[in-house]
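Written below as structure tokens is the structure these notes are about.
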Amino acid sequence: MKSGSARTVAVAAASVCVTLVTATTGPVASAAPAPVAEVEAATWSHNPALPTGPAHWGALDPAWAACANREGQTPVAITATRKAHLPVLRVNYARVPLVVENTGHVVEVPQPDAGTLSFGAHSYELTQWHVHAPSEHVLNGHRADLEIHLVHADAQGNTAVLAVFADVTPSHKPANQSSSSSPQEAAGQLLRTVLRAAPETAGEETDLDRDVSAAVLLGAGGAGGHRVISRYFTYTGSLTTPPCTGGVRWLVVPSTIRIDLRSVRHMHDIVADFPGYGGYPNNNRPLQPLGSRTVERRVG
């Protein structure tokens with residue numbers, strides 16, 4: 001496929017949000033979003049003022065009853081934590097085609113056959129990563145401008161989500177920086193490229209006609225598509241959108257990607273245009289009570 005081309009696809013409007021090696025360089029590709037014949041109307045939204053908002057998810061569908069639970073749900077505020085003997089996280093992500101989808105609830109990047117995340121002896125396959133604005137988790141009282149979820153599943157269907165934050169900072173390089181940029185700059189550049197290429201219409205996708213490894217989002221800590229993460233928080237929670245399924249292993253990385261204000265504003269504009277959102281610009285679920293759970297931390 002030539003640069004600037006796009007393929008037609010119907011993207012599911014109710015994407016499950018539980019969700020890099022060469023650095024993306026150069027300006028965002030001018031690929032035009034592929035049209036679709038029909039996009040289903042949203043059956044739920046993040047708008048708290050609407051009857052489809054988060055407070056009502058549990059009543060909208062019998063299969064979504066878990067959304068009404070007050071225990072075991074995500075996101076949470078991470079403040080008090082307990083130091084624990086935890087393994088380092090080992091990531092091995094391949095380079096795969098960079099395709100950006102507007103699902104009607106998130107900006108998502110599918111990851112077919114993209115590699116694995118290892119948590120001790122347990123291995124999970126990366127399936128997709130997506131973006132929330134602002135962040136869903138609050139870390140030490142701070143809500144970041146964006147939160148990226150790298151979603152994984154094991155052979156038994158269990159889910160693990162690696163969460164990474166992004167914040168606006170004036171200290172970023174222009175989008176045409178060289179490929180010799182630092183891992184931190186490369187992560188911001190990839191995120192910026194994805195957000196600016198995201199289709200404005202739900203149900204469309206843009207194919208940027210390049211291959212990228214999701215390991216780029218994780219900054220330094222390895223070579224190629226390999227990364228070793230020695231500092232993170234973990235707890236058991238849920239998907240953050242319907243059906244709010246529990247038993248999800250959350251792995252929250254405290255490091256932050258630098259991103260520019262223009263890209264964050266563009267993300268909010270896209271969210272405001274999601275079907276059934278009524279112009280509401282945020283797609284983060286409200287905080288849920290931690291309850292009897294404990295957030296454990298590994299300090300490298």
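Letters A, B, ... go to the chains of the structure tokens in the order shown; residues in each chain start at 1; ligands are counted from 1 in the same order.
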> Got a sec: who's within 10 Å of Ala160 in chain A, counting only C-alpha atoms, leaving out chain neighbours fewer than 6 positions off, as number ranges by chain?
Replying inline: A: 18-19, 117, 119, 123-126, 149-154, 236-239, 247-251
Could you save the residues just selected, with N, CA and C atoms, as a PDB file, in the first residue's frame?
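Everything below was put into selection_9.pdb:
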ATOM      1  N   VAL A  18      -9.600  -2.098  28.147  1.00  0.00           N
ATOM      2  CA  VAL A  18      -9.180  -2.528  29.465  1.00  0.00           C
ATOM      3  C   VAL A  18      -8.023  -1.690  29.878  1.00  0.00           C
ATOM      4  N   THR A  19      -6.547  -0.923  27.086  1.00  0.00           N
ATOM      5  CA  THR A  19      -5.657  -0.531  26.231  1.00  0.00           C
ATOM      6  C   THR A  19      -5.977   0.601  26.206  1.00  0.00           C
ATOM      7  N   LEU A 117       4.134  -9.783  26.823  1.00  0.00           N
ATOM      8  CA  LEU A 117       4.501  -9.200  28.103  1.00  0.00           C
ATOM      9  C   LEU A 117       4.629 -10.351  29.088  1.00  0.00           C
ATOM     10  N   PHE A 119       5.109 -11.501  33.016  1.00  0.00           N
ATOM     11  CA  PHE A 119       5.010 -11.143  34.428  1.00  0.00           C
ATOM     12  C   PHE A 119       5.437 -12.386  35.197  1.00  0.00           C
ATOM     13  N   SER A 123       2.893 -15.323  30.760  1.00  0.00           N
ATOM     14  CA  SER A 123       3.067 -14.591  29.517  1.00  0.00           C
ATOM     15  C   SER A 123       1.719 -14.182  28.930  1.00  0.00           C
ATOM     16  N   TYR A 124       1.643 -12.953  28.452  1.00  0.00           N
ATOM     17  CA  TYR A 124       0.440 -12.404  27.835  1.00  0.00           C
ATOM     18  C   TYR A 124       0.768 -11.877  26.445  1.00  0.00           C
ATOM     19  N   GLU A 125      -0.175 -12.021  25.522  1.00  0.00           N
ATOM     20  CA  GLU A 125      -0.013 -11.503  24.162  1.00  0.00           C
ATOM     21  C   GLU A 125      -0.616 -10.105  24.048  1.00  0.00           C
ATOM     22  N   LEU A 126       0.140  -9.174  23.466  1.00  0.00           N
ATOM     23  CA  LEU A 126      -0.378  -7.824  23.216  1.00  0.00           C
ATOM     24  C   LEU A 126      -1.426  -7.881  22.115  1.00  0.00           C
ATOM     25  N   HIS A 149      -3.356   2.564  27.437  1.00  0.00           N
ATOM     26  CA  HIS A 149      -3.536   1.197  27.918  1.00  0.00           C
ATOM     27  C   HIS A 149      -3.054   0.217  26.863  1.00  0.00           C
ATOM     28  N   LEU A 150      -2.028  -0.567  27.205  1.00  0.00           N
ATOM     29  CA  LEU A 150      -1.567  -1.650  26.343  1.00  0.00           C
ATOM     30  C   LEU A 150      -2.229  -2.919  26.861  1.00  0.00           C
ATOM     31  N   VAL A 151      -3.140  -3.464  26.078  1.00  0.00           N
ATOM     32  CA  VAL A 151      -4.013  -4.550  26.508  1.00  0.00           C
ATOM     33  C   VAL A 151      -3.454  -5.899  26.048  1.00  0.00           C
ATOM     34  N   HIS A 152      -3.400  -6.845  26.994  1.00  0.00           N
ATOM     35  CA  HIS A 152      -2.850  -8.169  26.733  1.00  0.00           C
ATOM     36  C   HIS A 152      -3.819  -9.255  27.181  1.00  0.00           C
ATOM     37  N   ALA A 153      -3.693 -10.420  26.599  1.00  0.00           N
ATOM     38  CA  ALA A 153      -4.500 -11.578  27.000  1.00  0.00           C
ATOM     39  C   ALA A 153      -3.622 -12.823  26.972  1.00  0.00           C
ATOM     40  N   ASP A 154      -3.865 -13.752  27.924  1.00  0.00           N
ATOM     41  CA  ASP A 154      -3.123 -15.004  27.912  1.00  0.00           C
ATOM     42  C   ASP A 154      -3.938 -16.092  27.230  1.00  0.00           C
ATOM     43  N   THR A 236      -5.382  -5.923  41.260  1.00  0.00           N
ATOM     44  CA  THR A 236      -6.403  -6.611  40.477  1.00  0.00           C
ATOM     45  C   THR A 236      -7.623  -5.713  40.349  1.00  0.00           C
ATOM     46  N   GLY A 237      -8.069  -5.482  39.126  1.00  0.00           N
ATOM     47  CA  GLY A 237      -9.210  -4.606  38.884  1.00  0.00           C
ATOM     48  C   GLY A 237     -10.113  -5.131  37.791  1.00  0.00           C
ATOM     49  N   SER A 238     -10.543  -4.227  36.924  1.00  0.00           N
ATOM     50  CA  SER A 238     -11.530  -4.589  35.900  1.00  0.00           C
ATOM     51  C   SER A 238     -11.252  -3.846  34.605  1.00  0.00           C
ATOM     52  N   LEU A 239     -12.025  -4.180  33.579  1.00  0.00           N
ATOM     53  CA  LEU A 239     -12.071  -3.341  32.393  1.00  0.00           C
ATOM     54  C   LEU A 239     -12.672  -1.999  32.810  1.00  0.00           C
ATOM     55  N   GLY A 247     -11.182  -9.233  37.481  1.00  0.00           N
ATOM     56  CA  GLY A 247     -10.066 -10.162  37.388  1.00  0.00           C
ATOM     57  C   GLY A 247      -8.953  -9.708  36.470  1.00  0.00           C
ATOM     58  N   VAL A 248      -8.878  -8.410  36.174  1.00  0.00           N
ATOM     59  CA  VAL A 248      -7.854  -7.881  35.273  1.00  0.00           C
ATOM     60  C   VAL A 248      -6.604  -7.522  36.080  1.00  0.00           C
ATOM     61  N   ARG A 249      -5.455  -7.972  35.613  1.00  0.00           N
ATOM     62  CA  ARG A 249      -4.179  -7.600  36.228  1.00  0.00           C
ATOM     63  C   ARG A 249      -3.739  -6.243  35.689  1.00  0.00           C
ATOM     64  N   TRP A 250      -3.711  -5.227  36.562  1.00  0.00           N
ATOM     65  CA  TRP A 250      -3.270  -3.893  36.157  1.00  0.00           C
ATOM     66  C   TRP A 250      -1.816  -3.691  36.548  1.00  0.00           C
ATOM     67  N   LEU A 251      -1.035  -3.156  35.615  1.00  0.00           N
ATOM     68  CA  LEU A 251       0.379  -2.862  35.806  1.00  0.00           C
ATOM     69  C   LEU A 251       0.582  -1.402  35.404  1.00  0.00           C
TER      70      LEU A 251
END
>> Quick one: residues within 6 Å of Val252 in chain A, only C-alpha atoms, excluding same-chain residues fewer than 2 positions away - as an MDAnalysis selection string?
In response: chainID A and resid 162:163 232:233
What lies within 9 Å of Arg196 in chain A using only C-alpha atoms, ignoring chain neighbours under 5 positions off, as an mmCIF file with N, CA and C atoms, in the first residue's frame?
data_model
loop_
_atom_site.group_PDB
_atom_site.id
_atom_site.type_symbol
_atom_site.label_atom_id
_atom_site.label_comp_id
_atom_site.auth_asym_id
_atom_site.auth_seq_id
_atom_site.Cartn_x
_atom_site.Cartn_y
_atom_site.Cartn_z
ATOM 1 N N VAL A 28 3.253 13.576 10.264
ATOM 2 C CA VAL A 28 2.188 12.590 10.203
ATOM 3 C C VAL A 28 1.793 12.337 8.766
ATOM 4 N N LEU A 191 3.166 8.813 20.021
ATOM 5 C CA LEU A 191 1.839 9.145 20.539
ATOM 6 C C LEU A 191 1.250 10.334 19.798
ATOM 7 N N ARG A 262 -1.394 20.680 21.678
ATOM 8 C CA ARG A 262 -2.216 20.575 20.471
ATOM 9 C C ARG A 262 -2.746 19.156 20.287
ATOM 10 N N SER A 263 -1.885 18.159 20.513
ATOM 11 C CA SER A 263 -2.311 16.767 20.344
ATOM 12 C C SER A 263 -3.357 16.375 21.375
ATOM 13 N N HIS A 266 -6.627 17.892 20.390
ATOM 14 C CA HIS A 266 -7.205 17.158 19.268
ATOM 15 C C HIS A 266 -7.884 15.883 19.752
ATOM 16 N N MET A 267 -7.273 15.205 20.718
ATOM 17 C CA MET A 267 -7.879 13.999 21.287
ATOM 18 C C MET A 267 -9.227 14.344 21.921
#
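Residues in contact range of Arg298 in chain A, defined as at most 7 Å between only C-alpha atoms, with sequence neighbours fewer than 5 positions away removed, read Lys83, Ala84, His85, Leu86, Ser230, Arg231, Tyr232 and Phe233 of chain A.
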> Just asking: which residues within range 180-246 of chain A are alpha helix (DSSP H) according to DSSP, as a ChimeraX atom specification?
Replying inline: /A:183-197
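Counting only C-alpha atoms, the residue from A:Thr256, A:Thr245, A:Thr116, A:Asn283 that sits nearest to Ala63 in chain A is A:Thr245.
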> DSSP says strand (DSSP E) for which residues of range 132-179 of chain A? Put them as a PyMOL selection string?
Replying inline: chain A and resi 132+138-139+146-153+159-168
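Distances here use only C-alpha atoms; by that measure, the residue among A:Glu147, A:Thr241, A:Gly219, A:Leu139 closest to Thr79 in chain A is A:Leu139.
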Taking a cut-off of 12 Å and counting only C-alpha atoms, can you build a table that, for each residue of range 124-203 of chain A near range 43-46 of chain A, reports the nearest atom pair and how far apart they are in Å (one decimal), sorted by chain then residue number, as CSV?
residue,atom,partner,partner_atom,distance
A:His132,CA,A:His46,CA,10.8
A:Ala133,CA,A:His46,CA,10.9
A:Pro134,CA,A:His46,CA,11.8
A:Glu136,CA,A:His46,CA,11.7
The selected residues should be written to file as a tab-separated table (two decimals), in the first residue's frame (atoms: C-alpha atoms).
chain	number	residue	atom	x	y	z
A	132	HIS	CA	-8.00	7.93	27.32
A	133	ALA	CA	-8.20	11.69	27.95
A	134	PRO	CA	-7.63	12.64	30.69
A	136	GLU	CA	-8.25	7.23	34.36
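Rounded to one decimal, CA of Leu261 in chain A and CA of Pro286 in chain A lie 22.7 Å from each other.
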>> Quick one: residues within 7 Å of Ala198 in chain A, only C-alpha atoms, excluding same-chain residues fewer than 3 positions away - as a ChimeraX atom specification?
In response: /A:100-102,107,194-195,206
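If you measure from each of A:Pro62, A:Gly120, A:Pro112, A:Pro54 to Val228 in chain A using only C-alpha atoms, the closest one turns out to be A:Gly120.
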>> Calculated over only C-alpha atoms, which of the candidates A:Ser213, A:Gly246, A:Val264, A:Pro48 has the smallest distance to Asp113 in chain A?
In response: A:Ser213
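Between CA of Glu71 in chain A and CA of Gly291 in chain A lies a distance of 6.1 Å.
Remark: for Asp209 in chain A, the closest of the candidate residues A:Leu287, A:Ala66, A:Leu98, A:Ala49 is A:Leu98 (distances computed over only C-alpha atoms).
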> Skipping near chain neighbours, those fewer than 5 positions away, what residues fall within 10 Å of Leu217 in chain A using only C-alpha atoms, listed as a VMD selection string?
Replying inline: chain A and resid 20 to 21 23 148 150 164 to 166 183 to 191 256 to 257
Prev. selection, N, CA and C atoms, output as a CSV table (one decimal), in the first residue's frame:
chain,number,residue,atom,x,y,z
A,20,LEU,N,6.6,-0.3,21.0
A,20,LEU,CA,6.3,0.4,19.8
A,20,LEU,C,7.6,-0.1,19.4
A,21,VAL,N,10.5,-2.3,16.7
A,21,VAL,CA,10.9,-1.1,17.4
A,21,VAL,C,11.5,-0.2,16.3
A,23,ALA,N,11.6,4.3,16.0
A,23,ALA,CA,10.9,5.6,16.4
A,23,ALA,C,10.2,6.1,15.1
A,148,ILE,N,-2.4,5.8,28.4
A,148,ILE,CA,-2.3,4.8,27.3
A,148,ILE,C,-2.5,3.4,28.0
A,150,LEU,N,-2.0,-0.6,27.2
A,150,LEU,CA,-1.6,-1.6,26.3
A,150,LEU,C,-2.2,-2.9,26.9
A,164,VAL,N,0.3,3.5,30.9
A,164,VAL,CA,1.4,4.5,30.8
A,164,VAL,C,0.8,5.9,30.7
A,165,PHE,N,1.3,6.9,31.4
A,165,PHE,CA,0.8,8.2,31.4
A,165,PHE,C,1.5,9.1,30.4
A,166,ALA,N,0.8,10.2,30.0
A,166,ALA,CA,1.4,11.3,29.2
A,166,ALA,C,0.9,12.6,29.7
A,183,PRO,N,14.8,8.0,23.8
A,183,PRO,CA,13.6,7.1,23.9
A,183,PRO,C,12.4,7.9,24.4
A,184,GLN,N,12.6,8.9,25.3
A,184,GLN,CA,11.5,9.7,25.8
A,184,GLN,C,10.9,10.5,24.7
A,185,GLU,N,11.7,11.1,23.8
A,185,GLU,CA,11.2,11.9,22.7
A,185,GLU,C,10.5,11.0,21.7
A,186,ALA,N,11.1,9.8,21.5
A,186,ALA,CA,10.5,8.9,20.5
A,186,ALA,C,9.1,8.4,20.9
A,187,ALA,N,8.9,8.2,22.2
A,187,ALA,CA,7.6,7.8,22.8
A,187,ALA,C,6.6,8.9,22.5
A,188,GLY,N,7.0,10.2,22.8
A,188,GLY,CA,6.1,11.3,22.6
A,188,GLY,C,5.7,11.5,21.1
A,189,GLN,N,6.7,11.3,20.3
A,189,GLN,CA,6.5,11.4,18.8
A,189,GLN,C,5.5,10.4,18.3
A,190,LEU,N,5.7,9.2,18.8
A,190,LEU,CA,4.7,8.1,18.3
A,190,LEU,C,3.3,8.4,18.8
A,191,LEU,N,3.2,8.8,20.0
A,191,LEU,CA,1.8,9.1,20.5
A,191,LEU,C,1.2,10.3,19.8
A,256,THR,N,6.4,9.1,32.7
A,256,THR,CA,5.4,9.9,31.9
A,256,THR,C,6.0,10.2,30.6
A,257,ILE,N,5.2,10.1,29.5
A,257,ILE,CA,5.5,10.5,28.2
A,257,ILE,C,5.2,12.0,28.1
>> So that I can see what lies close to Asp211 in chain A, please list as a PyMOL selection string the residues with an atom at most 6 Å from it, counting only C-alpha atoms and leaving out residues fewer than 2 positions away in the same chain.
In response: chain A and resi 95-98
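Proximity of A:Arg297, A:Pro199, A:Val271, A:Ile259 to Pro170 in chain A, computed with only C-alpha atoms, is greatest for A:Ile259.
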